[in-house]
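K.L.:
Structure file work.pdb (PDB, C-alpha atoms, pLDDT in the B column) is given on the next line.
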ATOM      1  CA  MET A   1     195.360 126.052   3.134  1.00 70.00           C
ATOM      2  CA  ASP A   2     196.299 127.634   6.409  1.00 85.00           C
ATOM      3  CA  PHE A   3     195.053 126.652   9.856  1.00 83.00           C
ATOM      4  CA  GLY A   4     192.580 129.601  10.173  1.00 84.00           C
ATOM      5  CA  THR A   5     190.814 128.751   6.897  1.00 88.00           C
ATOM      6  CA  ALA A   6     190.453 125.095   7.912  1.00 87.00           C
ATOM      7  CA  ILE A   7     188.913 126.087  11.250  1.00 90.00           C
ATOM      8  CA  LEU A   8     186.538 128.517   9.478  1.00 88.00           C
ATOM      9  CA  ILE A   9     185.393 125.810   7.041  1.00 90.00           C
ATOM     10  CA  ILE A  10     184.890 123.286   9.855  1.00 91.00           C
ATOM     11  CA  ALA A  11     182.958 125.882  11.893  1.00 91.00           C
ATOM     12  CA  LEU A  12     180.726 126.695   8.915  1.00 92.00           C
ATOM     13  CA  VAL A  13     180.038 122.987   8.316  1.00 92.00           C
ATOM     14  CA  ILE A  14     179.173 122.485  11.992  1.00 94.00           C
ATOM     15  CA  ILE A  15     176.879 125.520  11.952  1.00 94.00           C
ATOM     16  CA  ALA A  16     175.170 124.262   8.776  1.00 92.00           C
ATOM     17  CA  VAL A  17     174.630 120.794  10.270  1.00 93.00           C
ATOM     18  CA  VAL A  18     173.301 122.186  13.563  1.00 92.00           C
ATOM     19  CA  LEU A  19     171.036 124.596  11.686  1.00 91.00           C
ATOM     20  CA  GLY A  20     169.769 121.783   9.431  1.00 89.00           C
ATOM     21  CA  VAL A  21     169.054 119.521  12.398  1.00 88.00           C
ATOM     22  CA  GLY A  22     167.349 122.385  14.236  1.00 88.00           C
ATOM     23  CA  ILE A  23     165.096 123.254  11.291  1.00 89.00           C
ATOM     24  CA  THR A  24     164.232 119.586  10.756  1.00 85.00           C
ATOM     25  CA  LEU A  25     163.328 119.139  14.424  1.00 81.00           C
ATOM     26  CA  ALA A  26     161.272 122.337  14.387  1.00 83.00           C
ATOM     27  CA  VAL A  27     159.308 121.159  11.339  1.00 82.00           C
ATOM     28  CA  LEU A  28     158.704 117.708  12.804  1.00 77.00           C
ATOM     29  CA  ILE A  29     157.603 119.114  16.141  1.00 79.00           C
ATOM     30  CA  SER A  30     155.291 121.697  14.558  1.00 76.00           C
ATOM     31  CA  ARG A  31     153.693 119.047  12.335  1.00 76.00           C
ATOM     32  CA  GLY A  32     153.202 116.823  15.347  1.00 75.00           C
ATOM     33  CA  VAL A  33     151.609 119.626  17.326  1.00 69.00           C
ATOM     34  CA  LEU A  34     149.363 120.578  14.402  1.00 68.00           C
ATOM     35  CA  GLY A  35     148.398 116.931  13.983  1.00 71.00           C
ATOM     36  CA  LEU A  36     147.434 116.718  17.636  1.00 65.00           C
ATOM     37  CA  VAL A  37     145.441 119.922  17.370  1.00 63.00           C
ATOM     38  CA  ASN A  38     143.594 118.666  14.294  1.00 66.00           C
ATOM     39  CA  LYS A  39     142.847 115.339  15.978  1.00 68.00           C
ATOM     40  CA  SER A  40     141.681 116.920  19.214  1.00 68.00           C
ATOM     41  CA  LYS A  41     139.544 119.669  17.661  1.00 67.00           C
ATOM     42  CA  PRO A  42     136.528 117.433  16.864  1.00 70.00           C
ATOM     43  CA  LYS A  43     136.678 115.986  20.373  1.00 73.00           C
ATOM     44  CA  TYR A  44     136.820 119.467  21.837  1.00 70.00           C
ATOM     45  CA  GLU A  45     133.825 120.566  19.766  1.00 75.00           C
ATOM     46  CA  LEU A  46     131.909 117.453  20.843  1.00 72.00           C
ATOM     47  CA  ALA A  47     132.724 118.164  24.494  1.00 75.00           C
ATOM     48  CA  LYS A  48     131.534 121.778  24.089  1.00 76.00           C
ATOM     49  CA  ARG A  49     128.278 120.598  22.482  1.00 76.00           C
ATOM     50  CA  ASN A  50     127.683 118.010  25.198  1.00 75.00           C
ATOM     51  CA  ALA A  51     128.285 120.640  27.872  1.00 77.00           C
ATOM     52  CA  LEU A  52     125.809 122.938  26.115  1.00 73.00           C
ATOM     53  CA  LYS A  53     123.242 120.107  26.019  1.00 76.00           C
ATOM     54  CA  VAL A  54     123.603 119.515  29.744  1.00 79.00           C
ATOM     55  CA  ARG A  55     123.299 123.223  30.502  1.00 77.00           C
ATOM     56  CA  ALA A  56     120.279 123.540  28.194  1.00 77.00           C
ATOM     57  CA  GLN A  57     118.487 120.664  29.930  1.00 80.00           C
ATOM     58  CA  SER A  58     119.185 122.063  33.365  1.00 79.00           C
ATOM     59  CA  THR A  59     118.339 125.681  32.494  1.00 81.00           C
ATOM     60  CA  GLY A  60     114.757 126.822  32.272  1.00 83.00           C
ATOM     61  CA  GLY A  61     113.081 129.840  30.757  1.00 86.00           C
ATOM     62  CA  PRO A  62     114.177 131.726  27.676  1.00 87.00           C
ATOM     63  CA  VAL A  63     117.883 131.016  28.250  1.00 86.00           C
ATOM     64  CA  GLY A  64     117.202 127.274  28.147  1.00 87.00           C
ATOM     65  CA  ASP A  65     115.119 127.721  24.985  1.00 89.00           C
ATOM     66  CA  ILE A  66     117.912 129.688  23.330  1.00 89.00           C
ATOM     67  CA  MET A  67     120.471 127.005  24.224  1.00 89.00           C
ATOM     68  CA  LYS A  68     118.188 124.285  22.827  1.00 90.00           C
ATOM     69  CA  GLN A  69     117.827 126.272  19.605  1.00 92.00           C
ATOM     70  CA  ARG A  70     121.626 126.498  19.337  1.00 90.00           C
ATOM     71  CA  ILE A  71     121.903 122.732  19.756  1.00 91.00           C
ATOM     72  CA  ARG A  72     119.179 122.027  17.155  1.00 92.00           C
ATOM     73  CA  LEU A  73     120.843 124.380  14.701  1.00 92.00           C
ATOM     74  CA  GLN A  74     124.319 122.891  15.171  1.00 92.00           C
ATOM     75  CA  GLU A  75     123.132 119.277  15.007  1.00 91.00           C
ATOM     76  CA  SER A  76     121.052 119.879  11.898  1.00 93.00           C
ATOM     77  CA  LEU A  77     123.885 121.583  10.022  1.00 93.00           C
ATOM     78  CA  ASP A  78     126.393 118.945  11.136  1.00 92.00           C
ATOM     79  CA  ALA A  79     124.106 116.124   9.984  1.00 92.00           C
ATOM     80  CA  THR A  80     123.702 117.767   6.587  1.00 93.00           C
ATOM     81  CA  GLN A  81     127.438 118.327   6.274  1.00 93.00           C
ATOM     82  CA  ARG A  82     128.071 114.636   7.020  1.00 92.00           C
ATOM     83  CA  SER A  83     125.419 113.588   4.471  1.00 91.00           C
ATOM     84  CA  LEU A  84     126.972 115.766   1.792  1.00 92.00           C
ATOM     85  CA  ALA A  85     130.449 114.453   2.600  1.00 91.00           C
ATOM     86  CA  VAL A  86     129.249 110.861   2.250  1.00 90.00           C
ATOM     87  CA  ALA A  87     127.473 111.657  -1.022  1.00 88.00           C
ATOM     88  CA  GLN A  88     130.603 113.314  -2.384  1.00 87.00           C
ATOM     89  CA  SER A  89     132.840 110.457  -1.267  1.00 88.00           C
ATOM     90  CA  THR A  90     130.620 108.009  -3.167  1.00 86.00           C
ATOM     91  CA  ARG A  91     130.490 110.361  -6.153  1.00 84.00           C
ATOM     92  CA  GLN A  92     126.734 110.723  -5.904  1.00 84.00           C
ATOM     93  CA  TYR A  93     125.341 113.575  -7.973  1.00 82.00           C
ATOM     94  CA  THR A  94     124.559 116.460  -5.631  1.00 81.00           C
ATOM     95  CA  GLY A  95     123.615 119.180  -8.091  1.00 83.00           C
ATOM     96  CA  ASN A  96     123.374 122.594  -6.400  1.00 85.00           C
ATOM     97  CA  LEU A  97     122.949 121.126  -2.933  1.00 85.00           C
ATOM     98  CA  GLU A  98     126.508 122.071  -1.987  1.00 89.00           C
ATOM     99  CA  SER A  99     125.958 125.761  -2.724  1.00 88.00           C
ATOM    100  CA  ILE A 100     122.601 125.651  -0.943  1.00 88.00           C
ATOM    101  CA  PHE A 101     124.311 124.132   2.067  1.00 90.00           C
ATOM    102  CA  ARG A 102     127.080 126.745   2.036  1.00 91.00           C
ATOM    103  CA  THR A 103     124.387 129.428   2.162  1.00 90.00           C
ATOM    104  CA  LEU A 104     122.723 127.552   5.024  1.00 91.00           C
ATOM    105  CA  GLN A 105     126.044 127.407   6.862  1.00 92.00           C
ATOM    106  CA  GLN A 106     126.442 131.168   6.494  1.00 93.00           C
ATOM    107  CA  ALA A 107     122.917 131.711   7.794  1.00 91.00           C
ATOM    108  CA  GLY A 108     123.656 129.267  10.608  1.00 92.00           C
ATOM    109  CA  THR A 109     126.796 131.180  11.570  1.00 93.00           C
ATOM    110  CA  VAL A 110     124.855 134.446  11.725  1.00 92.00           C
ATOM    111  CA  LEU A 111     122.088 132.784  13.746  1.00 93.00           C
ATOM    112  CA  GLU A 112     124.624 131.222  16.120  1.00 92.00           C
ATOM    113  CA  HIS A 113     126.098 134.667  16.847  1.00 93.00           C
ATOM    114  CA  GLN A 114     122.644 136.129  17.380  1.00 92.00           C
ATOM    115  CA  LEU A 115     121.716 133.258  19.689  1.00 91.00           C
ATOM    116  CA  LEU A 116     124.900 133.848  21.699  1.00 91.00           C
ATOM    117  CA  VAL A 117     123.988 137.520  22.066  1.00 91.00           C
ATOM    118  CA  ALA A 118     120.486 136.511  23.133  1.00 91.00           C
ATOM    119  CA  GLN A 119     121.852 134.006  25.629  1.00 89.00           C
ATOM    120  CA  LYS A 120     124.031 136.681  27.258  1.00 90.00           C
ATOM    121  CA  GLU A 121     121.240 139.278  27.371  1.00 89.00           C
ATOM    122  CA  PRO A 122     120.634 140.153  31.044  1.00 89.00           C
ATOM    123  CA  ASP A 123     116.927 141.023  30.688  1.00 89.00           C
ATOM    124  CA  PRO A 124     114.676 137.911  30.607  1.00 89.00           C
ATOM    125  CA  ALA A 125     111.927 139.821  28.755  1.00 90.00           C
ATOM    126  CA  VAL A 126     114.326 140.683  25.935  1.00 91.00           C
ATOM    127  CA  GLN A 127     115.600 137.105  25.938  1.00 89.00           C
ATOM    128  CA  GLU A 128     112.014 135.925  25.453  1.00 91.00           C
ATOM    129  CA  VAL A 129     111.669 138.173  22.387  1.00 91.00           C
ATOM    130  CA  TYR A 130     114.987 136.862  21.047  1.00 89.00           C
ATOM    131  CA  ALA A 131     113.892 133.263  21.651  1.00 89.00           C
ATOM    132  CA  LYS A 132     110.645 133.735  19.708  1.00 91.00           C
ATOM    133  CA  THR A 133     112.168 135.721  16.857  1.00 90.00           C
ATOM    134  CA  LEU A 134     115.251 133.561  16.395  1.00 90.00           C
ATOM    135  CA  GLY A 135     113.279 130.365  16.994  1.00 91.00           C
ATOM    136  CA  GLY A 136     111.410 130.885  13.713  1.00 91.00           C
ATOM    137  CA  GLN A 137     114.646 131.477  11.853  1.00 92.00           C
ATOM    138  CA  VAL A 138     116.296 128.429  13.408  1.00 92.00           C
ATOM    139  CA  GLU A 139     113.273 126.367  12.367  1.00 93.00           C
ATOM    140  CA  GLN A 140     113.602 127.588   8.756  1.00 92.00           C
ATOM    141  CA  VAL A 141     117.302 126.700   8.629  1.00 91.00           C
ATOM    142  CA  THR A 142     116.779 123.267  10.200  1.00 93.00           C
ATOM    143  CA  GLN A 143     113.890 122.479   7.832  1.00 92.00           C
ATOM    144  CA  THR A 144     115.938 123.527   4.817  1.00 91.00           C
ATOM    145  CA  SER A 145     118.860 121.508   6.121  1.00 92.00           C
ATOM    146  CA  ALA A 146     116.596 118.467   6.468  1.00 92.00           C
ATOM    147  CA  GLY A 147     115.347 119.169   2.934  1.00 90.00           C
ATOM    148  CA  VAL A 148     118.919 118.933   1.631  1.00 90.00           C
ATOM    149  CA  ARG A 149     119.357 115.574   3.367  1.00 91.00           C
ATOM    150  CA  ASN A 150     116.017 114.352   1.981  1.00 89.00           C
ATOM    151  CA  ALA A 151     117.045 115.420  -1.528  1.00 87.00           C
ATOM    152  CA  LEU A 152     120.301 113.480  -1.160  1.00 86.00           C
ATOM    153  CA  ALA A 153     118.375 110.426   0.029  1.00 85.00           C
ATOM    154  CA  ALA A 154     115.924 110.682  -2.876  1.00 81.00           C
ATOM    155  CA  ALA A 155     118.783 110.954  -5.379  1.00 79.00           C
ATOM    156  CA  ALA A 156     120.316 107.787  -3.941  1.00 72.00           C
ATOM    157  CA  ALA A 157     117.101 105.771  -4.226  1.00 62.00           C
ATOM    158  CA  PRO A 158     117.753 102.139  -5.127  1.00 62.00           C
ATOM    159  CA  MET A 159     116.632 100.595  -8.373  1.00 56.00           C
ATOM    160  CA  THR A 160     112.971  99.699  -8.517  1.00 61.00           C
ATOM    161  CA  ASP A 161     111.572  96.304  -9.447  1.00 60.00           C
ATOM    162  CA  VAL A 162     110.791  97.653 -12.923  1.00 62.00           C
ATOM    163  CA  ASP A 163     114.466  98.507 -13.473  1.00 66.00           C
ATOM    164  CA  VAL A 164     115.543  95.034 -12.369  1.00 71.00           C
ATOM    165  CA  LYS A 165     112.927  93.334 -14.566  1.00 77.00           C
ATOM    166  CA  ASP A 166     114.099  95.330 -17.602  1.00 77.00           C
ATOM    167  CA  LEU A 167     117.688  94.441 -16.806  1.00 76.00           C
ATOM    168  CA  THR A 168     116.815  90.742 -16.456  1.00 80.00           C
ATOM    169  CA  ARG A 169     114.903  90.751 -19.770  1.00 81.00           C
ATOM    170  CA  THR A 170     117.845  92.446 -21.533  1.00 81.00           C
ATOM    171  CA  LEU A 171     120.238  89.918 -20.016  1.00 80.00           C
ATOM    172  CA  GLU A 172     118.082  87.008 -21.239  1.00 83.00           C
ATOM    173  CA  ILE A 173     117.992  88.466 -24.759  1.00 85.00           C
ATOM    174  CA  GLU A 174     121.777  88.924 -24.775  1.00 81.00           C
ATOM    175  CA  ALA A 175     122.322  85.391 -23.467  1.00 79.00           C
ATOM    176  CA  THR A 176     120.060  83.967 -26.197  1.00 82.00           C
ATOM    177  CA  MET A 177     121.843  86.000 -28.870  1.00 81.00           C
ATOM    178  CA  LEU A 178     125.266  84.823 -27.647  1.00 78.00           C
ATOM    179  CA  LYS A 179     124.043  81.215 -27.587  1.00 76.00           C
ATOM    180  CA  ASN A 180     122.728  81.490 -31.165  1.00 77.00           C
ATOM    181  CA  TRP A 181     125.904  83.265 -32.306  1.00 75.00           C
ATOM    182  CA  SER A 182     128.067  80.555 -30.747  1.00 69.00           C
ATOM    183  CA  ALA A 183     125.993  77.781 -32.349  1.00 69.00           C
ATOM    184  CA  THR A 184     126.139  79.494 -35.762  1.00 69.00           C
ATOM    185  CA  TYR A 185     129.911  79.919 -35.754  1.00 62.00           C
ATOM    186  CA  THR A 186     130.499  76.463 -34.296  1.00 62.00           C
ATOM    187  CA  ASP A 187     128.419  74.965 -37.124  1.00 61.00           C
ATOM    188  CA  LEU A 188     130.446  76.937 -39.697  1.00 58.00           C
ATOM    189  CA  GLY A 189     133.661  75.467 -38.321  1.00 56.00           C
ATOM    190  CA  ASP A 190     132.386  71.927 -38.919  1.00 56.00           C
ATOM    191  CA  ASP A 191     132.291  72.359 -42.714  1.00 53.00           C
TER     192      ASP A 191
END
For the structure just supplied, provide its representation as structure tokens.

P.N.:
Amino acid sequence: MDFGTAILIIALVIIAVVLGVGITLAVLISRGVLGLVNKSKPKYELAKRNALKVRAQSTGGPVGDIMKQRIRLQESLDATQRSLAVAQSTRQYTGNLESIFRTLQQAGTVLEHQLLVAQKEPDPAVQEVYAKTLGGQVEQVTQTSAGVRNALAAAAAPMTDVDVKDLTRTLEIEATMLKNWSATYTDLGDD
């Protein structure tokens, strides 16, 4: 092997190592940045909601009403999403509640956009019409959302006294049967 070939091979190895280290660093950095973004997103959303709450309390008229409707809508949908997540994590039967909630989320997204348009409307008279019209729709979504949470709570109802009494009676019968079985087979062993 001549000197030029050796230098070419060494250069290619160095380039491969540098490229490998560069790609590895890029992947690690991007994952770290994405991790930070994912961790900070809920905090950012919470800060936005808290700012909206403060503005809604300090703003009067139809604009304040529209902001309060946005808050009610967001809080109701978030509460239902958390309830469904807990039910799913405990493997509670949810039936069609997930699909109902997805439909509610879609309706909530549409309502949120309409409420934003209403909030930015320059004419207070038109804002008043928006507030009344959208207020009824927000109320329907929040009531349905609460209905989903109530259905989850009803499905997770604890055992009643009747269930426990039946279980206790069955346990007593089983214990008596095991006691009699043990006595029977113990007596057979004595022969």

K.L.:
Specify as a VMD selection string each residue included when the PyMOL selection byres ((chain A and resi 145) around 10) is applied to this file.

P.N.:
chain A and resid 73 76 to 81 97 100 to 101 104 to 105 139 to 144 146 to 151

K.L.:
Calculate how many Å separate atom CA of Val117 of chain A from atom CA of Lys68 of chain A, rounding to one decimal.

P.N.:
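Separation between atom CA of Val117 of chain A and atom CA of Lys68 of chain A: 14.5 Å.
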
K.L.:
Please, what is the axis-aligned box for every listed atom of segment 107-121 of chain A with 4 Å on each side, as centre and edge lengths in Å to one decimal, as AutoDock Vina command-line options?

P.N.:
--center_x 123.6 --center_y 134.3 --center_z 17.6 --size_x 14.3 --size_y 18.0 --size_z 27.6

K.L.:
Report as a Markdown table the residues of segment 31-116 of chain A within 10 Å of segment 123-129 of chain A, each with its shortest atom pair and distance in Å (one decimal), using only C-alpha atoms, ordered by chain and increasing residue number.

P.N.:
| residue | atom | partner | partner_atom | distance |
| --- | --- | --- | --- | --- |
| A:Gly61 | CA | A:Glu128 | CA | 8.1 |
| A:Pro62 | CA | A:Glu128 | CA | 5.2 |
| A:Val63 | CA | A:Gln127 | CA | 6.9 |
| A:Asp65 | CA | A:Glu128 | CA | 8.8 |
| A:Ile66 | CA | A:Gln127 | CA | 8.2 |
| A:Leu115 | CA | A:Gln127 | CA | 9.6 |

K.L.:
Convert the current residue selection to file output with C-alpha atoms, as a PDB file, in the frame of the given file.

P.N.:
ATOM      1  CA  GLY A  61     113.081 129.840  30.757  1.00 86.00           C
ATOM      2  CA  PRO A  62     114.177 131.726  27.676  1.00 87.00           C
ATOM      3  CA  VAL A  63     117.883 131.016  28.250  1.00 86.00           C
ATOM      4  CA  ASP A  65     115.119 127.721  24.985  1.00 89.00           C
ATOM      5  CA  ILE A  66     117.912 129.688  23.330  1.00 89.00           C
ATOM      6  CA  LEU A 115     121.716 133.258  19.689  1.00 91.00           C
TER       7      LEU A 115
END

K.L.:
Find the residues near Ala56 of chain A: any atom within 6 Å, counting only C-alpha atoms, skip ones fewer than 3 places away on the same chain, and give them as a list of chain:residue names.

P.N.:
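Non-adjacent residues within range: A:Leu52, A:Lys53, A:Thr59, A:Gly64, A:Met67, A:Lys68.
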
K.L.:
Work out how far atom CA of Glu98 of chain A is from atom CA of Ser83 of chain A, in Å to one decimal.

P.N.:
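For atom CA of Ser83 of chain A relative to atom CA of Glu98 of chain A, the distance reads 10.7 Å.
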
K.L.:
Could you produce a table of the residues of segment 139-160 of chain A lying within 9 Å of segment 91-95 of chain A, with the nearest pair of atoms per residue and their separation in Å rounded to one decimal, using all atoms listed in the file, ordered by chain and increasing residue number, as JSON lines?

P.N.:
{"residue": "A:Ala151", "atom": "CA", "partner": "A:Thr94", "partner_atom": "CA", "distance": 8.6}
{"residue": "A:Leu152", "atom": "CA", "partner": "A:Thr94", "partner_atom": "CA", "distance": 6.9}
{"residue": "A:Ala155", "atom": "CA", "partner": "A:Tyr93", "partner_atom": "CA", "distance": 7.5}
{"residue": "A:Ala156", "atom": "CA", "partner": "A:Gln92", "partner_atom": "CA", "distance": 7.3}

K.L.:
Do you have the atom CA of Val86 of chain A-atom CA of Arg72 of chain A distance handy?

P.N.:
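Computing the Euclidean distance for atom CA of Val86 of chain A and atom CA of Arg72 of chain A yields 21.2 Å.
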
K.L.:
Within 12 Å of (125.5, 134.3, 16.0) in the file's own coordinates, which protein, DNA or RNA residues have an atom, counting all atoms listed in the file? List them as a PyMOL selection string.

P.N.:
chain A and resi 66+69-70+73-74+105-120+130+134+137-138

K.L.:
Would you please work out which residue, of A:Ile71, A:Asp2, A:Leu84, A:Met177, is nearest to Lys48 of chain A when using all atoms listed in the file?

P.N.:
A:Ile71

K.L.:
Which one of A:Pro122, A:Glu75, A:Gly136, A:Arg82 sits closest to Glu45 of chain A if you count all atoms listed in the file?

P.N.:
A:Glu75
